[in-house]
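Everything below concerns the one structure shown next.
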Amino acid sequence: MSQSKGKARAPKGGKAARRTRSRRAPLALRTAVCRANVELSRRGLALFTFGNASAIDRASGLVVIKPSGVPYATLKPADLVVTDLHGRVVEGTLRPSSDLATHLEIYRQWPSVGAVVHTHSHFATVWAQAAQEIPCYGTTHADYFNGPVPVTRALSAAEIADDYERNTGRAIVERFDGEPTTMPAVLVPGHASFVWGATVEGAVETAFILEEVARMAYHTAVLNPASEPLAQALLHKHFSRKHGPAAYYGQKR
């Protein structure tokens, strides 16, 4: 039996072409991430071009994130950058956020996370710059965070000099014992906050609530430096009635 000479060319529209076309982020995800970034600015959580929001499409492994340095007022879905989990740009002509590697480290290590939001909102950043966790002084805090909002370790000079953003993500992941289920936020000392959630809309809400409880905690500590943290029983009661299998707050879906 004779063998054909040369290599056959892949026909147009074949598997290779279909794979290329399939590596596109869903338009709905692009739109949601764009709206989330604009919402950060609208709510006063991100001044000028500070901060960023991203989301991942787990089916394709593609991440949609704000481009670096683009003002929120002019941001459009078409401006967003799409990368794979290794940071390779798949769609977009602009440079992705400089914090991309931090987001990607969280996505790689925590499979249930669908979105990450990073802001330099005032009071959350104050606590981060002071390298102090945000104490749980009241039930407003306990409704969203099951305990004080933690702080990561400081990076070494070598970690800052080489692969700074990814090492920031690694320090965030290290701060928790496995994937966090009751604490959707963390403070990076000297820097600011990162929050996450199942959806980008939910992560933006968490960022807003984090700023609010950070503000409350700051003023509580100023008004009464001897203030005690909320009793553990009350803290866990408030968190569990809104989250987890025993939750009974709100209406059934």
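Following the order of the structure tokens, chains are lettered A, B, ..., residues in each are numbered from 1, and ligands are numbered from 1.
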Neighbours of segment 221-228 of chain A within 9 Å (only C-alpha atoms; same-chain residues fewer than 6 positions away dropped), as a compact mmCIF listing (two decimals) with C-alpha atoms, in the first residue's frame?
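Listing of selection-v9.txt after writing:
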```txt
# COMPACT_ATOMS: atom_id res chain seq x y z
CA PRO A 135 -11.59 43.85 64.16
CA CYS A 136 -15.17 42.61 64.26
CA TYR A 137 -16.78 45.09 66.63
```
Find the residues around Gly169 of chain A up to 12 Å (only C-alpha atoms counted), leave out those fewer than 3 positions away in its own chain, and share them as an MDAnalysis selection string.
chainID A and resid 99:110 116 118 152:155 159:160 163:166 172:176 186:188 193:195
Which residues, written as JSON, numbers by chain, have at least one atom at most 8 Å from Gly114 of chain A, with only C-alpha atoms counted and residues fewer than 6 positions away on the same chain left out?
{"A": [55, 56, 57, 58, 107, 196, 197, 198, 199, 200]}
Using 6 Å as the limit and counting only C-alpha atoms, can you tabulate each residue of segment 86-195 of chain A that touches segment 30-52 of chain A, with its shortest atom-to-atom distance in Å and the two atoms involved, as a tab-separated table?
```
residue	atom	partner	partner_atom	distance
A:Val117	CA	A:Asn52	CA	5.9
A:His118	CA	A:Gly51	CA	5.2
A:Thr119	CA	A:Gly51	CA	4.2
A:Ser121	CA	A:Leu45	CA	4.6
```
Just checking: using only C-alpha atoms, which residue out of A:Ala28, A:Val113, A:Val64, A:Leu75 ends up closest to Arg88 of chain A?
A:Val64
Quick one, how far is atom CA of Ala128 of chain A from atom CA of Leu230 of chain A?
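It comes out at 21.0 Å.
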DSSP strand (DSSP E) residues within segment 144-210 of chain A, listed as a VMD selection string
chain A and resid 185 to 187 193 to 197
Any chance you can output those residues with N, CA and C atoms as a compact mmCIF listing (two decimals), in the first residue's frame?
```
# COMPACT_ATOMS: atom_id res chain seq x y z
N ALA A 185 -12.20 38.27 51.99
CA ALA A 185 -11.40 39.49 51.86
C ALA A 185 -10.11 39.35 52.63
N VAL A 186 -9.12 40.14 52.23
CA VAL A 186 -7.83 40.16 52.92
C VAL A 186 -7.18 41.51 52.69
N LEU A 187 -6.31 41.89 53.61
CA LEU A 187 -5.54 43.13 53.47
C LEU A 187 -4.09 42.78 53.20
N SER A 193 -6.60 46.28 49.74
CA SER A 193 -7.42 45.09 49.94
C SER A 193 -7.67 44.33 48.64
N PHE A 194 -7.90 43.03 48.80
CA PHE A 194 -8.39 42.17 47.73
C PHE A 194 -9.60 41.43 48.27
N VAL A 195 -10.63 41.32 47.45
CA VAL A 195 -11.81 40.54 47.82
C VAL A 195 -12.15 39.63 46.65
N TRP A 196 -12.99 38.63 46.90
CA TRP A 196 -13.35 37.68 45.85
C TRP A 196 -14.75 37.15 46.09
N GLY A 197 -15.29 36.48 45.09
CA GLY A 197 -16.62 35.92 45.21
C GLY A 197 -16.94 35.03 44.03
```
DSSP helix (DSSP H, G or I) selection over segment 34-167 of chain A, as a JSON list (two decimals) with N, CA and C atoms, in the first residue's frame:
```json
[["chain", "number", "residue", "atom", "x", "y", "z"],
["A", 34, "CYS", "N", -16.98, 44.88, 32.85],
["A", 34, "CYS", "CA", -16.93, 46.31, 32.56],
["A", 34, "CYS", "C", -17.82, 47.08, 33.54],
["A", 35, "ARG", "N", -19.05, 46.60, 33.71],
["A", 35, "ARG", "CA", -19.97, 47.26, 34.64],
["A", 35, "ARG", "C", -19.42, 47.25, 36.06],
["A", 36, "ALA", "N", -18.80, 46.15, 36.46],
["A", 36, "ALA", "CA", -18.25, 46.04, 37.81],
["A", 36, "ALA", "C", -17.15, 47.06, 38.03],
["A", 37, "ASN", "N", -16.26, 47.23, 37.06],
["A", 37, "ASN", "CA", -15.20, 48.22, 37.20],
["A", 37, "ASN", "C", -15.75, 49.63, 37.28],
["A", 38, "VAL", "N", -16.72, 49.93, 36.44],
["A", 38, "VAL", "CA", -17.35, 51.26, 36.48],
["A", 38, "VAL", "C", -18.04, 51.48, 37.82],
["A", 39, "GLU", "N", -18.63, 50.42, 38.37],
["A", 39, "GLU", "CA", -19.32, 50.51, 39.66],
["A", 39, "GLU", "C", -18.33, 50.82, 40.79],
["A", 40, "LEU", "N", -17.12, 50.30, 40.70],
["A", 40, "LEU", "CA", -16.11, 50.62, 41.71],
["A", 40, "LEU", "C", -15.87, 52.12, 41.76],
["A", 41, "SER", "N", -15.81, 52.74, 40.60],
["A", 41, "SER", "CA", -15.61, 54.19, 40.54],
["A", 41, "SER", "C", -16.85, 54.93, 41.02],
["A", 42, "ARG", "N", -18.01, 54.48, 40.58],
["A", 42, "ARG", "CA", -19.27, 55.14, 40.94],
["A", 42, "ARG", "C", -19.50, 55.14, 42.45],
["A", 72, "TYR", "N", -12.05, 54.92, 34.31],
["A", 72, "TYR", "CA", -13.34, 54.24, 34.41],
["A", 72, "TYR", "C", -14.40, 54.94, 33.58],
["A", 73, "ALA", "N", -14.31, 56.26, 33.48],
["A", 73, "ALA", "CA", -15.34, 57.02, 32.77],
["A", 73, "ALA", "C", -15.43, 56.67, 31.29],
["A", 74, "THR", "N", -14.32, 56.19, 30.73],
["A", 74, "THR", "CA", -14.33, 55.88, 29.30],
["A", 74, "THR", "C", -14.29, 54.38, 29.02],
["A", 77, "PRO", "N", -16.73, 47.57, 27.23],
["A", 77, "PRO", "CA", -16.46, 46.12, 27.20],
["A", 77, "PRO", "C", -15.36, 45.73, 26.21],
["A", 78, "ALA", "N", -15.30, 46.43, 25.09],
["A", 78, "ALA", "CA", -14.29, 46.11, 24.08],
["A", 78, "ALA", "C", -12.88, 46.44, 24.55],
["A", 79, "ASP", "N", -12.74, 47.30, 25.57],
["A", 79, "ASP", "CA", -11.42, 47.67, 26.08],
["A", 79, "ASP", "C", -10.82, 46.59, 26.96],
["A", 100, "LEU", "N", -2.71, 41.73, 37.35],
["A", 100, "LEU", "CA", -3.21, 40.49, 36.74],
["A", 100, "LEU", "C", -2.64, 39.25, 37.41],
["A", 101, "ALA", "N", -1.34, 39.23, 37.64],
["A", 101, "ALA", "CA", -0.71, 38.02, 38.19],
["A", 101, "ALA", "C", -1.24, 37.68, 39.57],
["A", 102, "THR", "N", -1.63, 38.69, 40.35],
["A", 102, "THR", "CA", -2.23, 38.43, 41.66],
["A", 102, "THR", "C", -3.59, 37.76, 41.49],
["A", 103, "HIS", "N", -4.41, 38.30, 40.58],
["A", 103, "HIS", "CA", -5.71, 37.71, 40.30],
["A", 103, "HIS", "C", -5.56, 36.25, 39.84],
["A", 104, "LEU", "N", -4.61, 36.03, 38.92],
["A", 104, "LEU", "CA", -4.44, 34.69, 38.35],
["A", 104, "LEU", "C", -4.02, 33.68, 39.41],
["A", 105, "GLU", "N", -3.18, 34.09, 40.34],
["A", 105, "GLU", "CA", -2.76, 33.17, 41.40],
["A", 105, "GLU", "C", -3.95, 32.74, 42.25],
["A", 106, "ILE", "N", -4.85, 33.66, 42.53],
["A", 106, "ILE", "CA", -6.06, 33.33, 43.28],
["A", 106, "ILE", "C", -6.94, 32.37, 42.49],
["A", 107, "TYR", "N", -7.12, 32.64, 41.20],
["A", 107, "TYR", "CA", -7.94, 31.75, 40.36],
["A", 107, "TYR", "C", -7.34, 30.36, 40.26],
["A", 108, "ARG", "N", -6.04, 30.28, 40.13],
["A", 108, "ARG", "CA", -5.40, 28.97, 39.99],
["A", 108, "ARG", "C", -5.51, 28.14, 41.26],
["A", 109, "GLN", "N", -5.40, 28.79, 42.39],
["A", 109, "GLN", "CA", -5.35, 28.06, 43.66],
["A", 109, "GLN", "C", -6.72, 27.81, 44.28],
["A", 122, "HIS", "N", -10.56, 54.06, 50.86],
["A", 122, "HIS", "CA", -9.87, 54.81, 51.91],
["A", 122, "HIS", "C", -9.65, 54.03, 53.20],
["A", 123, "PHE", "N", -10.72, 53.62, 53.86],
["A", 123, "PHE", "CA", -10.58, 53.05, 55.20],
["A", 123, "PHE", "C", -9.99, 51.64, 55.19],
["A", 124, "ALA", "N", -10.34, 50.84, 54.20],
["A", 124, "ALA", "CA", -9.72, 49.51, 54.10],
["A", 124, "ALA", "C", -8.22, 49.65, 53.89],
["A", 125, "THR", "N", -7.83, 50.65, 53.10],
["A", 125, "THR", "CA", -6.41, 50.88, 52.85],
["A", 125, "THR", "C", -5.70, 51.41, 54.08],
["A", 126, "VAL", "N", -6.39, 52.20, 54.88],
["A", 126, "VAL", "CA", -5.81, 52.68, 56.15],
["A", 126, "VAL", "C", -5.42, 51.50, 57.03],
["A", 127, "TRP", "N", -6.32, 50.53, 57.16],
["A", 127, "TRP", "CA", -6.01, 49.35, 57.98],
["A", 127, "TRP", "C", -4.86, 48.55, 57.35],
["A", 128, "ALA", "N", -4.85, 48.46, 56.03],
["A", 128, "ALA", "CA", -3.77, 47.73, 55.35],
["A", 128, "ALA", "C", -2.43, 48.42, 55.56],
["A", 129, "GLN", "N", -2.41, 49.74, 55.46],
["A", 129, "GLN", "CA", -1.16, 50.48, 55.65],
["A", 129, "GLN", "C", -0.66, 50.37, 57.08],
["A", 139, "THR", "N", -22.32, 43.55, 64.62],
["A", 139, "THR", "CA", -23.03, 42.57, 63.79],
["A", 139, "THR", "C", -23.04, 42.94, 62.31],
["A", 140, "THR", "N", -22.86, 44.21, 61.98],
["A", 140, "THR", "CA", -22.76, 44.58, 60.56],
["A", 140, "THR", "C", -21.57, 43.87, 59.92],
["A", 141, "HIS", "N", -20.46, 43.88, 60.61],
["A", 141, "HIS", "CA", -19.26, 43.18, 60.16],
["A", 141, "HIS", "C", -19.54, 41.67, 60.11],
["A", 142, "ALA", "N", -20.15, 41.14, 61.17],
["A", 142, "ALA", "CA", -20.38, 39.70, 61.27],
["A", 142, "ALA", "C", -21.34, 39.17, 60.22],
["A", 157, "ALA", "N", 12.31, 41.40, 50.37],
["A", 157, "ALA", "CA", 12.89, 42.24, 49.32],
["A", 157, "ALA", "C", 13.04, 41.46, 48.02],
["A", 158, "ALA", "N", 13.42, 40.19, 48.12],
["A", 158, "ALA", "CA", 13.58, 39.36, 46.92],
["A", 158, "ALA", "C", 12.24, 39.12, 46.24],
["A", 159, "GLU", "N", 11.18, 38.92, 47.03],
["A", 159, "GLU", "CA", 9.85, 38.70, 46.45],
["A", 159, "GLU", "C", 9.32, 39.96, 45.78],
["A", 160, "ILE", "N", 9.69, 41.11, 46.31],
["A", 160, "ILE", "CA", 9.26, 42.37, 45.70],
["A", 160, "ILE", "C", 10.03, 42.62, 44.40],
["A", 161, "ALA", "N", 11.30, 42.31, 44.40],
["A", 161, "ALA", "CA", 12.14, 42.58, 43.23],
["A", 161, "ALA", "C", 11.81, 41.66, 42.06],
["A", 164, "TYR", "N", 6.78, 40.36, 41.69],
["A", 164, "TYR", "CA", 6.08, 41.02, 42.80],
["A", 164, "TYR", "C", 4.58, 40.71, 42.84],
["A", 165, "GLU", "N", 3.89, 40.88, 41.70],
["A", 165, "GLU", "CA", 2.44, 40.71, 41.70],
["A", 165, "GLU", "C", 2.04, 39.27, 41.98],
["A", 166, "ARG", "N", 2.76, 38.31, 41.36],
["A", 166, "ARG", "CA", 2.42, 36.91, 41.64],
["A", 166, "ARG", "C", 2.72, 36.56, 43.10],
["A", 167, "ASN", "N", 3.80, 37.09, 43.63],
["A", 167, "ASN", "CA", 4.13, 36.81, 45.03],
["A", 167, "ASN", "C", 3.10, 37.42, 45.98]]
```
Find the residues near Leu80 of chain A: any atom within 6 Å, counting only C-alpha atoms, skip ones fewer than 5 places away on the same chain, and give them as a CSV table (one decimal) with C-alpha atoms, in the first residue's frame.
```csv
chain,number,residue,atom,x,y,z
A,65,ILE,CA,-9.8,42.0,33.5
A,66,LYS,CA,-9.6,45.8,33.3
A,67,PRO,CA,-6.8,47.2,31.1
```
Report, in Å to a single decimal, how far apart atom CA of His191 of chain A and atom CA of Gly147 of chain A are.
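Going from atom CA of Gly147 of chain A over to atom CA of His191 of chain A, I get 21.1 Å.
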Separation of atom CA of Tyr249 of chain A from atom CA of Gly138 of chain A, in Å and rounded to one decimal
17.5 Å
